[in-house]
$ cat start-v4.tsv   # TSV, C-alpha atoms
chain	number	residue	atom	x	y	z
A	1	MET	CA	6.74	6.66	-20.42
A	2	PRO	CA	10.42	7.54	-19.90
A	3	GLU	CA	11.25	9.60	-16.84
A	4	LEU	CA	11.96	13.27	-17.47
A	5	ALA	CA	15.23	14.80	-16.36
A	6	PRO	CA	14.30	17.46	-13.78
A	7	LYS	CA	15.75	20.93	-13.63
A	8	PRO	CA	18.28	21.18	-10.77
A	9	SER	CA	15.89	23.20	-8.58
A	10	GLU	CA	12.70	21.32	-9.48
A	11	ARG	CA	11.24	19.05	-6.83
A	12	VAL	CA	10.71	15.57	-8.16
A	13	VAL	CA	7.78	13.46	-6.94
A	14	VAL	CA	9.14	10.00	-6.19
A	15	VAL	CA	6.40	7.34	-6.39
A	16	THR	CA	7.57	4.36	-4.36
A	17	ARG	CA	4.62	2.00	-4.76
A	18	PRO	CA	5.08	-1.46	-6.26
A	19	ARG	CA	5.20	-1.12	-10.03
A	20	ALA	CA	1.70	-2.49	-10.64
A	21	GLN	CA	0.13	0.30	-8.55
A	22	ALA	CA	2.55	3.10	-9.44
A	23	ASP	CA	1.88	3.97	-13.06
A	24	GLY	CA	-1.65	5.37	-12.71
A	25	LEU	CA	-0.63	7.72	-9.91
A	26	ALA	CA	2.52	8.74	-11.77
A	27	GLU	CA	0.50	9.69	-14.86
A	28	ALA	CA	-1.99	11.69	-12.76
A	29	LEU	CA	0.94	13.61	-11.25
A	30	ARG	CA	2.33	14.38	-14.70
A	31	VAL	CA	-1.07	15.71	-15.74
A	32	ILE	CA	-0.90	18.31	-12.95
A	33	GLY	CA	2.55	19.33	-14.13
A	34	ARG	CA	4.86	17.48	-11.75
A	35	THR	CA	8.06	15.70	-12.72
A	36	VAL	CA	7.84	12.10	-11.54
A	37	GLU	CA	10.24	9.27	-10.90
A	38	VAL	CA	8.86	5.81	-10.22
A	39	LEU	CA	11.08	4.01	-7.73
A	40	PRO	CA	9.35	0.90	-6.36
A	41	LEU	CA	10.51	0.19	-2.81
A	42	LEU	CA	8.59	-3.07	-2.50
A	43	GLN	CA	8.82	-5.92	-4.95
A	44	ILE	CA	5.73	-8.10	-5.23
A	45	ALA	CA	5.92	-11.72	-6.33
A	46	PRO	CA	3.56	-14.71	-6.24
A	47	VAL	CA	3.78	-17.04	-3.27
A	48	ASP	CA	5.96	-20.10	-3.79
A	49	ASP	CA	3.02	-22.45	-3.25
A	50	PRO	CA	-0.36	-21.08	-4.42
A	51	ALA	CA	-2.27	-24.22	-3.35
A	52	PRO	CA	-3.53	-22.80	0.01
A	53	LEU	CA	-4.73	-19.63	-1.74
A	54	ARG	CA	-6.51	-21.60	-4.45
A	55	ALA	CA	-8.13	-23.87	-1.88
A	56	ALA	CA	-9.40	-20.91	0.13
A	57	LEU	CA	-10.78	-19.20	-2.97
A	58	ALA	CA	-12.50	-22.40	-4.11
A	59	ALA	CA	-14.38	-22.34	-0.78
A	60	VAL	CA	-15.37	-18.65	-0.99
A	61	PRO	CA	-19.15	-19.39	-0.97
A	62	ASP	CA	-18.70	-20.92	2.51
A	63	TYR	CA	-17.38	-17.69	4.05
A	64	ALA	CA	-19.44	-15.01	5.76
A	65	LEU	CA	-16.85	-12.37	4.81
A	66	ALA	CA	-13.63	-12.07	2.81
A	67	VAL	CA	-11.15	-9.35	3.73
A	68	PHE	CA	-8.51	-8.04	1.30
A	69	VAL	CA	-5.80	-6.06	3.06
A	70	SER	CA	-4.21	-4.40	0.01
A	71	PRO	CA	-4.57	-3.88	-3.75
A	72	ASN	CA	-1.86	-6.51	-4.22
A	73	ALA	CA	-3.99	-9.00	-2.29
A	74	VAL	CA	-6.94	-8.25	-4.57
A	75	ASP	CA	-4.94	-8.63	-7.77
A	76	ALA	CA	-3.19	-11.80	-6.61
A	77	ALA	CA	-6.47	-13.45	-5.58
A	78	PHE	CA	-8.43	-12.50	-8.69
A	79	ALA	CA	-5.70	-14.03	-10.85
A	80	HIS	CA	-7.19	-17.34	-9.65
A	81	LEU	CA	-10.88	-16.36	-9.88
A	82	ASP	CA	-13.32	-16.26	-12.76
A	83	ALA	CA	-15.91	-14.26	-10.81
A	84	TRP	CA	-16.80	-13.27	-7.26
A	85	PRO	CA	-20.07	-14.66	-5.82
A	86	ALA	CA	-22.30	-11.64	-5.18
A	87	ALA	CA	-23.74	-13.25	-2.02
A	88	VAL	CA	-20.37	-13.15	-0.23
A	89	PRO	CA	-19.56	-9.75	1.33
A	90	LEU	CA	-16.07	-8.33	1.03
A	91	ALA	CA	-14.07	-5.91	3.18
A	92	VAL	CA	-11.11	-3.68	2.41
A	93	VAL	CA	-8.97	-1.40	4.56
A	94	GLY	CA	-8.38	1.36	1.99
A	95	GLU	CA	-9.61	3.11	-1.12
A	96	GLY	CA	-6.83	1.56	-3.19
A	97	SER	CA	-8.19	-1.92	-2.51
A	98	ARG	CA	-11.73	-0.79	-3.32
A	99	ALA	CA	-10.46	0.56	-6.64
A	100	ALA	CA	-8.63	-2.72	-7.30
A	101	LEU	CA	-11.87	-4.65	-6.74
A	102	ALA	CA	-13.64	-2.35	-9.20
A	103	ARG	CA	-11.02	-3.14	-11.85
A	104	HIS	CA	-12.05	-6.77	-11.46
A	105	GLY	CA	-15.73	-5.93	-11.83
A	106	VAL	CA	-16.59	-5.99	-8.11
A	107	ALA	CA	-18.18	-2.70	-7.02
A	108	ASP	CA	-21.28	-1.21	-5.41
A	109	PRO	CA	-24.21	-1.69	-5.71
A	110	GLY	CA	-23.93	-5.23	-7.02
A	111	TYR	CA	-21.66	-6.35	-4.18
A	112	THR	CA	-21.48	-5.64	-0.46
A	113	ILE	CA	-18.09	-4.06	0.30
A	114	HIS	CA	-17.22	-2.95	3.83
A	115	SER	CA	-14.51	-0.37	4.49
A	116	PRO	CA	-13.64	2.22	7.14
A	117	LEU	CA	-16.43	4.76	7.56
A	118	ASP	CA	-13.95	7.59	7.09
A	119	PRO	CA	-11.91	6.82	3.95
A	120	ALA	CA	-9.18	9.11	5.27
A	121	HIS	CA	-8.32	6.35	7.78
A	122	SER	CA	-7.23	3.21	5.95
A	123	ASP	CA	-6.31	0.58	8.51
A	124	SER	CA	-7.55	-2.54	10.24
A	125	GLU	CA	-8.57	-0.64	13.36
A	126	HIS	CA	-11.03	1.57	11.47
A	127	LEU	CA	-12.32	-1.32	9.36
A	128	LEU	CA	-13.17	-3.24	12.54
A	129	GLN	CA	-15.29	-0.30	13.70
A	130	ASN	CA	-17.48	-0.75	10.62
A	131	LEU	CA	-17.96	-4.51	10.87
A	132	ASP	CA	-20.80	-6.22	12.71
A	133	LEU	CA	-18.52	-8.43	14.76
A	134	ALA	CA	-21.37	-10.07	16.65
A	135	ALA	CA	-22.88	-11.27	13.36
A	136	LEU	CA	-19.59	-12.96	12.49
A	137	SER	CA	-19.43	-15.03	15.69
A	138	GLY	CA	-19.33	-18.73	14.84
A	139	ARG	CA	-18.88	-18.02	11.12
A	140	ARG	CA	-15.92	-18.32	8.76
A	141	VAL	CA	-13.93	-15.27	7.68
A	142	LEU	CA	-11.20	-15.28	5.04
A	143	ILE	CA	-8.31	-12.78	5.15
A	144	VAL	CA	-6.23	-12.46	1.97
A	145	ARG	CA	-2.92	-10.71	2.60
A	146	GLY	CA	0.80	-10.71	1.90
A	147	ASP	CA	3.16	-13.07	3.66
A	148	GLY	CA	3.83	-11.97	7.21
A	149	GLY	CA	0.93	-9.53	7.42
A	150	ARG	CA	-0.32	-7.87	10.62
A	151	GLU	CA	-2.25	-10.09	13.02
A	152	LEU	CA	-4.44	-7.36	14.56
A	153	LEU	CA	-7.42	-7.96	12.27
A	154	ALA	CA	-7.30	-11.73	12.57
A	155	ASP	CA	-6.91	-11.57	16.34
A	156	ALA	CA	-9.85	-9.17	16.74
A	157	LEU	CA	-12.11	-11.33	14.57
A	158	ARG	CA	-11.15	-14.47	16.50
A	159	ALA	CA	-11.80	-12.66	19.76
A	160	ALA	CA	-15.30	-11.90	18.45
A	161	GLY	CA	-15.89	-15.62	17.88
A	162	ALA	CA	-15.22	-15.87	14.17
A	163	THR	CA	-13.28	-18.73	12.61
A	164	VAL	CA	-10.52	-16.95	10.71
A	165	GLU	CA	-8.43	-18.34	7.91
A	166	ALA	CA	-5.60	-16.04	6.78
A	167	VAL	CA	-3.93	-16.93	3.51
A	168	ALA	CA	-0.91	-15.36	1.83
A	169	ALA	CA	-1.50	-14.29	-1.76
A	170	TYR	CA	1.87	-12.71	-2.51
A	171	ARG	CA	5.41	-12.18	-1.23
A	172	ARG	CA	6.99	-8.80	-0.48
A	173	SER	CA	10.66	-7.89	-0.52
A	174	THR	CA	12.72	-4.74	-0.54
A	175	PRO	CA	15.09	-4.16	-3.46
A	176	VAL	CA	18.80	-4.96	-3.30
A	177	LEU	CA	21.15	-1.98	-3.46
A	178	THR	CA	22.61	-2.50	-6.92
A	179	PRO	CA	25.00	0.07	-8.43
A	180	GLY	CA	22.16	1.38	-10.59
A	181	LEU	CA	19.79	1.83	-7.65
A	182	ALA	CA	22.55	3.46	-5.61
A	183	ALA	CA	23.13	6.00	-8.38
A	184	ARG	CA	19.40	6.81	-8.59
A	185	LEU	CA	19.16	7.27	-4.82
A	186	ARG	CA	22.21	9.52	-4.66
A	187	ALA	CA	20.76	11.71	-7.42
A	188	LEU	CA	17.36	11.95	-5.71
A	189	LEU	CA	18.87	12.73	-2.30
A	190	ALA	CA	21.04	15.51	-3.71
A	191	GLN	CA	18.17	17.97	-3.26
A	192	PRO	CA	14.89	17.92	-1.30
A	193	ASN	CA	12.16	16.08	-3.21
A	194	ASP	CA	8.63	14.82	-2.51
A	195	TRP	CA	8.39	11.09	-1.75
A	196	ILE	CA	5.02	9.34	-1.80
A	197	ILE	CA	5.34	6.51	0.74
A	198	THR	CA	2.37	4.17	1.12
A	199	SER	CA	3.91	1.45	3.29
A	200	SER	CA	5.83	1.48	6.56
A	201	GLU	CA	7.74	-1.57	5.34
A	202	ALA	CA	8.80	0.30	2.20
A	203	LEU	CA	9.91	3.29	4.27
A	204	ARG	CA	12.02	1.12	6.58
A	205	GLY	CA	13.52	-0.47	3.48
A	206	LEU	CA	14.35	2.96	2.08
A	207	GLY	CA	16.03	3.86	5.36
A	208	GLY	CA	18.15	0.74	5.12
A	209	LEU	CA	19.15	1.53	1.54
A	210	VAL	CA	20.16	5.06	2.51
A	211	GLU	CA	22.18	3.75	5.43
A	212	ALA	CA	23.96	1.36	3.07
A	213	LEU	CA	24.93	4.29	0.84
A	214	GLY	CA	27.03	5.73	3.64
A	215	PRO	CA	26.63	7.98	6.70
A	216	GLN	CA	26.94	11.19	4.69
A	217	PHE	CA	23.57	10.54	3.02
A	218	GLY	CA	21.58	10.44	6.27
A	219	ALA	CA	21.32	14.23	6.52
A	220	GLN	CA	20.14	14.45	2.91
A	221	PHE	CA	17.54	11.78	3.62
A	222	ARG	CA	16.18	13.74	6.57
A	223	GLN	CA	15.66	16.80	4.32
A	224	GLN	CA	13.27	14.94	2.03
A	225	ARG	CA	9.54	15.63	2.26
A	226	LEU	CA	7.28	12.61	2.68
A	227	VAL	CA	3.63	12.44	1.65
A	228	VAL	CA	1.94	9.53	3.42
A	229	PRO	CA	-1.67	8.27	3.63
A	230	HIS	CA	-1.60	6.80	7.12
A	231	ALA	CA	-0.59	7.84	10.62
A	232	ARG	CA	1.33	4.60	11.15
A	233	ILE	CA	3.62	5.47	8.23
A	234	ALA	CA	4.09	8.97	9.65
A	235	GLU	CA	5.11	7.46	12.98
A	236	THR	CA	7.67	5.28	11.17
A	237	ALA	CA	9.02	8.40	9.45
A	238	TYR	CA	9.43	10.27	12.74
A	239	ALA	CA	11.18	7.24	14.24
A	240	LEU	CA	13.69	7.38	11.37
A	241	GLY	CA	14.39	11.05	12.07
A	242	LEU	CA	12.31	12.48	9.22
A	243	ARG	CA	10.41	15.63	10.10
A	244	HIS	CA	8.96	16.93	6.82
A	245	VAL	CA	5.90	14.67	6.70
A	246	THR	CA	2.48	15.41	5.19
A	247	LEU	CA	-0.33	13.09	6.27
A	248	THR	CA	-3.13	12.98	3.68
A	249	GLY	CA	-5.50	10.11	4.43
A	250	SER	CA	-6.29	7.23	2.09
A	251	GLY	CA	-6.77	7.48	-1.66
A	252	ASP	CA	-4.95	8.92	-4.66
A	253	ALA	CA	-7.18	12.00	-4.73
A	254	ARG	CA	-5.89	13.08	-1.31
A	255	LEU	CA	-2.27	12.43	-2.29
A	256	LEU	CA	-2.71	14.52	-5.45
A	257	ALA	CA	-4.44	17.33	-3.56
A	258	ALA	CA	-1.61	17.49	-1.04
A	259	LEU	CA	0.98	17.76	-3.80
A	260	GLN	CA	-1.03	20.33	-5.76
A	261	SER	CA	-1.20	22.54	-2.68
A	262	GLN	CA	2.59	22.76	-2.39
$ encode --input "start-v4.tsv" --output "structure tokens"
Amino acid sequence: MPELAPKPSERVVVVTRPRAQADGLAEALRVIGRTVEVLPLLQIAPVDDPAPLRAALAAVPDYALAVFVSPNAVDAAFAHLDAWPAAVPLAVVGEGSRAALARHGVADPGYTIHSPLDPAHSDSEHLLQNLDLAALSGRRVLIVRGDGGRELLADALRAAGATVEAVAAYRRSTPVLTPGLAARLRALLAQPNDWIITSSEALRGLGGLVEALGPQFGAQFRQQRLVVPHARIAETAYALGLRHVTLTGSGDARLLAALQSQ
């Protein structure tokens, strides 16, 4: 759907997710009457060499647990799978990854899927609280993630005695500041808008793009309102000098509710 031209005083909701995860949320926002611009701040691409991923997935029945750290990890892995063995439990750190599994036919009650007890907290720390770490001692655990992902989960599982194999399923990169992107950013920064930011890496990339536009755009950037699902992203925002931050917890429903309440 083509983007609508907003009225000068109308706050635009800027959806910054990778394109594959952006369209559903954008349409839900339009349904509640918001003007939306999709501006992916992370580009997702397959890994250069998929052989390690394919090898790990071929051995899935040998694992005691498989952890998917993001919806992109789910989608990238299931591109190489015909079906998931129901006997192998899965774990996810957020509601978006649980929804991605469901799109591939993997959902309760036919499969065991671990996630943080409180879905408002989507991170490795809260997932670890809901795993029986003692039961994983001496057993194999697979972590499917993007290149260069956090090591906290893998380190904690290894400390508990598990044999952990972490495999990259996709590559992430921030967009290059082309003339077209620069024009879009200048237009969006010209007035305060609502930015849905679901990744600290994407937010740091946005900060770098704004800096590249020129020093005069920093003040405009700091007037934008951010809607974020995780405290770690909020901390990144504060470190960049942003102060208008709404923390919602994980899941599209919470993001939509926060924007409806404005």
$ closest_residue --input "start-v4.tsv" --among "A:Arg145, A:His114, A:His121, A:Arg186" --to "Ala168 in chain A" --atoms "only C-alpha atoms"
A:Arg145
$ residues_around --input "start-v4.tsv" --residues "Gly94 in chain A" --least-positions-apart "5" --cutoff "12 Å" --atoms "all atoms listed in the file" --output "MDAnalysis selection string"
chainID A and resid 67:72 74 99:101 113:127 198 229:230 249:252
$ write_last_selection --input "start-v4.tsv" --atoms "C-alpha atoms" --output "mmCIF file, keeping the file's coordinate frame"
data_model
loop_
_atom_site.group_PDB
_atom_site.id
_atom_site.type_symbol
_atom_site.label_atom_id
_atom_site.label_comp_id
_atom_site.auth_asym_id
_atom_site.auth_seq_id
_atom_site.Cartn_x
_atom_site.Cartn_y
_atom_site.Cartn_z
ATOM 1 C CA VAL A 67 -11.150 -9.350 3.730
ATOM 2 C CA PHE A 68 -8.510 -8.040 1.300
ATOM 3 C CA VAL A 69 -5.800 -6.060 3.060
ATOM 4 C CA SER A 70 -4.210 -4.400 0.010
ATOM 5 C CA PRO A 71 -4.570 -3.880 -3.750
ATOM 6 C CA ASN A 72 -1.860 -6.510 -4.220
ATOM 7 C CA VAL A 74 -6.940 -8.250 -4.570
ATOM 8 C CA ALA A 99 -10.460 0.560 -6.640
ATOM 9 C CA ALA A 100 -8.630 -2.720 -7.300
ATOM 10 C CA LEU A 101 -11.870 -4.650 -6.740
ATOM 11 C CA ILE A 113 -18.090 -4.060 0.300
ATOM 12 C CA HIS A 114 -17.220 -2.950 3.830
ATOM 13 C CA SER A 115 -14.510 -0.370 4.490
ATOM 14 C CA PRO A 116 -13.640 2.220 7.140
ATOM 15 C CA LEU A 117 -16.430 4.760 7.560
ATOM 16 C CA ASP A 118 -13.950 7.590 7.090
ATOM 17 C CA PRO A 119 -11.910 6.820 3.950
ATOM 18 C CA ALA A 120 -9.180 9.110 5.270
ATOM 19 C CA HIS A 121 -8.320 6.350 7.780
ATOM 20 C CA SER A 122 -7.230 3.210 5.950
ATOM 21 C CA ASP A 123 -6.310 0.580 8.510
ATOM 22 C CA SER A 124 -7.550 -2.540 10.240
ATOM 23 C CA GLU A 125 -8.570 -0.640 13.360
ATOM 24 C CA HIS A 126 -11.030 1.570 11.470
ATOM 25 C CA LEU A 127 -12.320 -1.320 9.360
ATOM 26 C CA THR A 198 2.370 4.170 1.120
ATOM 27 C CA PRO A 229 -1.670 8.270 3.630
ATOM 28 C CA HIS A 230 -1.600 6.800 7.120
ATOM 29 C CA GLY A 249 -5.500 10.110 4.430
ATOM 30 C CA SER A 250 -6.290 7.230 2.090
ATOM 31 C CA GLY A 251 -6.770 7.480 -1.660
ATOM 32 C CA ASP A 252 -4.950 8.920 -4.660
#
$ closest_residue --input "start-v4.tsv" --among "A:Asp75, A:Asp23, A:Asp82, A:Glu201" --to "Pro46 in chain A" --atoms "only C-alpha atoms"
A:Asp75
$ residues_near_point --input "start-v4.tsv" --point "(19.1, 6.1, -2.4)" --cutoff "9 Å" --atoms "only C-alpha atoms" --output "list in words"
Leu177, Leu181, Ala182, Ala183, Arg184, Leu185, Arg186, Ala187, Leu188, Leu189, Leu206, Gly207, Leu209, Val210, Glu211, Ala212, Leu213, Phe217 and Phe221 of chain A
$ atom_distance --input "start-v4.tsv" --atom1 "CA of Glu10 in chain A" --atom2 "CA of Gln191 in chain A"
8.9 Å
$ residues_around --input "start-v4.tsv" --residues "Val167 in chain A" --least-positions-apart "2" --cutoff "9 Å" --atoms "all atoms listed in the file" --output "MDAnalysis selection string"
chainID A and resid 52:53 56 142:147 165 169
$ decode --input "start-v4.tsv" --residues "range 134-145 of chain A" --atoms "all heavy atoms" --output "PDB file, in the first residue's frame"
ATOM      1  N   ALA A 134      19.174 -26.946  34.983  1.00  0.00           N
ATOM      2  CA  ALA A 134      19.771 -28.183  35.486  1.00  0.00           C
ATOM      3  C   ALA A 134      19.479 -29.354  34.550  1.00  0.00           C
ATOM      4  O   ALA A 134      20.329 -30.231  34.343  1.00  0.00           O
ATOM      5  CB  ALA A 134      19.250 -28.480  36.887  1.00  0.00           C
ATOM      6  N   ALA A 135      18.280 -29.365  33.959  1.00  0.00           N
ATOM      7  CA  ALA A 135      17.907 -30.448  33.054  1.00  0.00           C
ATOM      8  C   ALA A 135      18.673 -30.399  31.741  1.00  0.00           C
ATOM      9  O   ALA A 135      18.730 -31.394  31.003  1.00  0.00           O
ATOM     10  CB  ALA A 135      16.401 -30.397  32.773  1.00  0.00           C
ATOM     11  N   LEU A 136      19.285 -29.246  31.440  1.00  0.00           N
ATOM     12  CA  LEU A 136      20.041 -29.109  30.200  1.00  0.00           C
ATOM     13  C   LEU A 136      21.520 -29.431  30.377  1.00  0.00           C
ATOM     14  O   LEU A 136      22.261 -29.476  29.397  1.00  0.00           O
ATOM     15  CB  LEU A 136      19.891 -27.683  29.653  1.00  0.00           C
ATOM     16  CG  LEU A 136      18.477 -27.299  29.216  1.00  0.00           C
ATOM     17  CD1 LEU A 136      18.414 -25.805  28.884  1.00  0.00           C
ATOM     18  CD2 LEU A 136      18.036 -28.129  28.013  1.00  0.00           C
ATOM     19  N   SER A 137      21.958 -29.658  31.607  1.00  0.00           N
ATOM     20  CA  SER A 137      23.363 -29.973  31.861  1.00  0.00           C
ATOM     21  C   SER A 137      23.755 -31.257  31.125  1.00  0.00           C
ATOM     22  O   SER A 137      23.049 -32.273  31.199  1.00  0.00           O
ATOM     23  CB  SER A 137      23.606 -30.133  33.357  1.00  0.00           C
ATOM     24  OG  SER A 137      24.956 -30.458  33.622  1.00  0.00           O
ATOM     25  N   GLY A 138      24.862 -31.179  30.383  1.00  0.00           N
ATOM     26  CA  GLY A 138      25.342 -32.341  29.649  1.00  0.00           C
ATOM     27  C   GLY A 138      24.599 -32.611  28.353  1.00  0.00           C
ATOM     28  O   GLY A 138      24.883 -33.617  27.679  1.00  0.00           O
ATOM     29  N   ARG A 139      23.682 -31.734  27.974  1.00  0.00           N
ATOM     30  CA  ARG A 139      22.886 -31.942  26.762  1.00  0.00           C
ATOM     31  C   ARG A 139      23.164 -30.827  25.752  1.00  0.00           C
ATOM     32  O   ARG A 139      23.700 -29.777  26.098  1.00  0.00           O
ATOM     33  CB  ARG A 139      21.397 -32.004  27.120  1.00  0.00           C
ATOM     34  CG  ARG A 139      21.102 -33.033  28.201  1.00  0.00           C
ATOM     35  CD  ARG A 139      19.625 -33.165  28.461  1.00  0.00           C
ATOM     36  NE  ARG A 139      18.954 -33.829  27.341  1.00  0.00           N
ATOM     37  CZ  ARG A 139      17.628 -33.975  27.259  1.00  0.00           C
ATOM     38  NH1 ARG A 139      16.843 -33.480  28.217  1.00  0.00           N
ATOM     39  NH2 ARG A 139      17.088 -34.597  26.222  1.00  0.00           N
ATOM     40  N   ARG A 140      22.782 -31.069  24.519  1.00  0.00           N
ATOM     41  CA  ARG A 140      23.073 -30.129  23.434  1.00  0.00           C
ATOM     42  C   ARG A 140      21.939 -29.113  23.289  1.00  0.00           C
ATOM     43  O   ARG A 140      20.751 -29.470  23.322  1.00  0.00           O
ATOM     44  CB  ARG A 140      23.259 -30.869  22.110  1.00  0.00           C
ATOM     45  CG  ARG A 140      24.444 -31.803  22.075  1.00  0.00           C
ATOM     46  CD  ARG A 140      24.498 -32.558  20.757  1.00  0.00           C
ATOM     47  NE  ARG A 140      24.838 -31.681  19.636  1.00  0.00           N
ATOM     48  CZ  ARG A 140      24.774 -32.068  18.361  1.00  0.00           C
ATOM     49  NH1 ARG A 140      24.344 -33.288  18.047  1.00  0.00           N
ATOM     50  NH2 ARG A 140      25.124 -31.216  17.395  1.00  0.00           N
ATOM     51  N   VAL A 141      22.319 -27.857  23.126  1.00  0.00           N
ATOM     52  CA  VAL A 141      21.358 -26.775  22.903  1.00  0.00           C
ATOM     53  C   VAL A 141      21.790 -26.012  21.655  1.00  0.00           C
ATOM     54  O   VAL A 141      22.972 -25.669  21.502  1.00  0.00           O
ATOM     55  CB  VAL A 141      21.290 -25.815  24.111  1.00  0.00           C
ATOM     56  CG1 VAL A 141      20.360 -24.631  23.803  1.00  0.00           C
ATOM     57  CG2 VAL A 141      20.823 -26.552  25.352  1.00  0.00           C
ATOM     58  N   LEU A 142      20.836 -25.746  20.787  1.00  0.00           N
ATOM     59  CA  LEU A 142      21.081 -24.979  19.567  1.00  0.00           C
ATOM     60  C   LEU A 142      20.525 -23.570  19.730  1.00  0.00           C
ATOM     61  O   LEU A 142      19.380 -23.401  20.161  1.00  0.00           O
ATOM     62  CB  LEU A 142      20.402 -25.658  18.372  1.00  0.00           C
ATOM     63  CG  LEU A 142      20.454 -24.908  17.036  1.00  0.00           C
ATOM     64  CD1 LEU A 142      21.893 -24.800  16.536  1.00  0.00           C
ATOM     65  CD2 LEU A 142      19.566 -25.594  16.001  1.00  0.00           C
ATOM     66  N   ILE A 143      21.318 -22.561  19.389  1.00  0.00           N
ATOM     67  CA  ILE A 143      20.854 -21.173  19.366  1.00  0.00           C
ATOM     68  C   ILE A 143      20.938 -20.679  17.923  1.00  0.00           C
ATOM     69  O   ILE A 143      22.009 -20.689  17.316  1.00  0.00           O
ATOM     70  CB  ILE A 143      21.697 -20.270  20.280  1.00  0.00           C
ATOM     71  CG1 ILE A 143      21.603 -20.739  21.731  1.00  0.00           C
ATOM     72  CG2 ILE A 143      21.244 -18.821  20.164  1.00  0.00           C
ATOM     73  CD1 ILE A 143      22.456 -19.925  22.706  1.00  0.00           C
ATOM     74  N   VAL A 144      19.796 -20.257  17.392  1.00  0.00           N
ATOM     75  CA  VAL A 144      19.730 -19.720  16.025  1.00  0.00           C
ATOM     76  C   VAL A 144      19.570 -18.212  16.144  1.00  0.00           C
ATOM     77  O   VAL A 144      18.615 -17.727  16.766  1.00  0.00           O
ATOM     78  CB  VAL A 144      18.555 -20.341  15.242  1.00  0.00           C
ATOM     79  CG1 VAL A 144      18.562 -19.841  13.799  1.00  0.00           C
ATOM     80  CG2 VAL A 144      18.635 -21.871  15.269  1.00  0.00           C
ATOM     81  N   ARG A 145      20.475 -17.461  15.545  1.00  0.00           N
ATOM     82  CA  ARG A 145      20.506 -16.014  15.749  1.00  0.00           C
ATOM     83  C   ARG A 145      21.065 -15.321  14.508  1.00  0.00           C
ATOM     84  O   ARG A 145      21.400 -15.969  13.509  1.00  0.00           O
ATOM     85  CB  ARG A 145      21.378 -15.681  16.956  1.00  0.00           C
ATOM     86  CG  ARG A 145      22.839 -16.059  16.795  1.00  0.00           C
ATOM     87  CD  ARG A 145      23.613 -15.903  18.085  1.00  0.00           C
ATOM     88  NE  ARG A 145      25.053 -16.064  17.872  1.00  0.00           N
ATOM     89  CZ  ARG A 145      25.948 -16.065  18.835  1.00  0.00           C
ATOM     90  NH1 ARG A 145      25.565 -15.930  20.091  1.00  0.00           N
ATOM     91  NH2 ARG A 145      27.234 -16.207  18.568  1.00  0.00           N
TER      92      ARG A 145
END
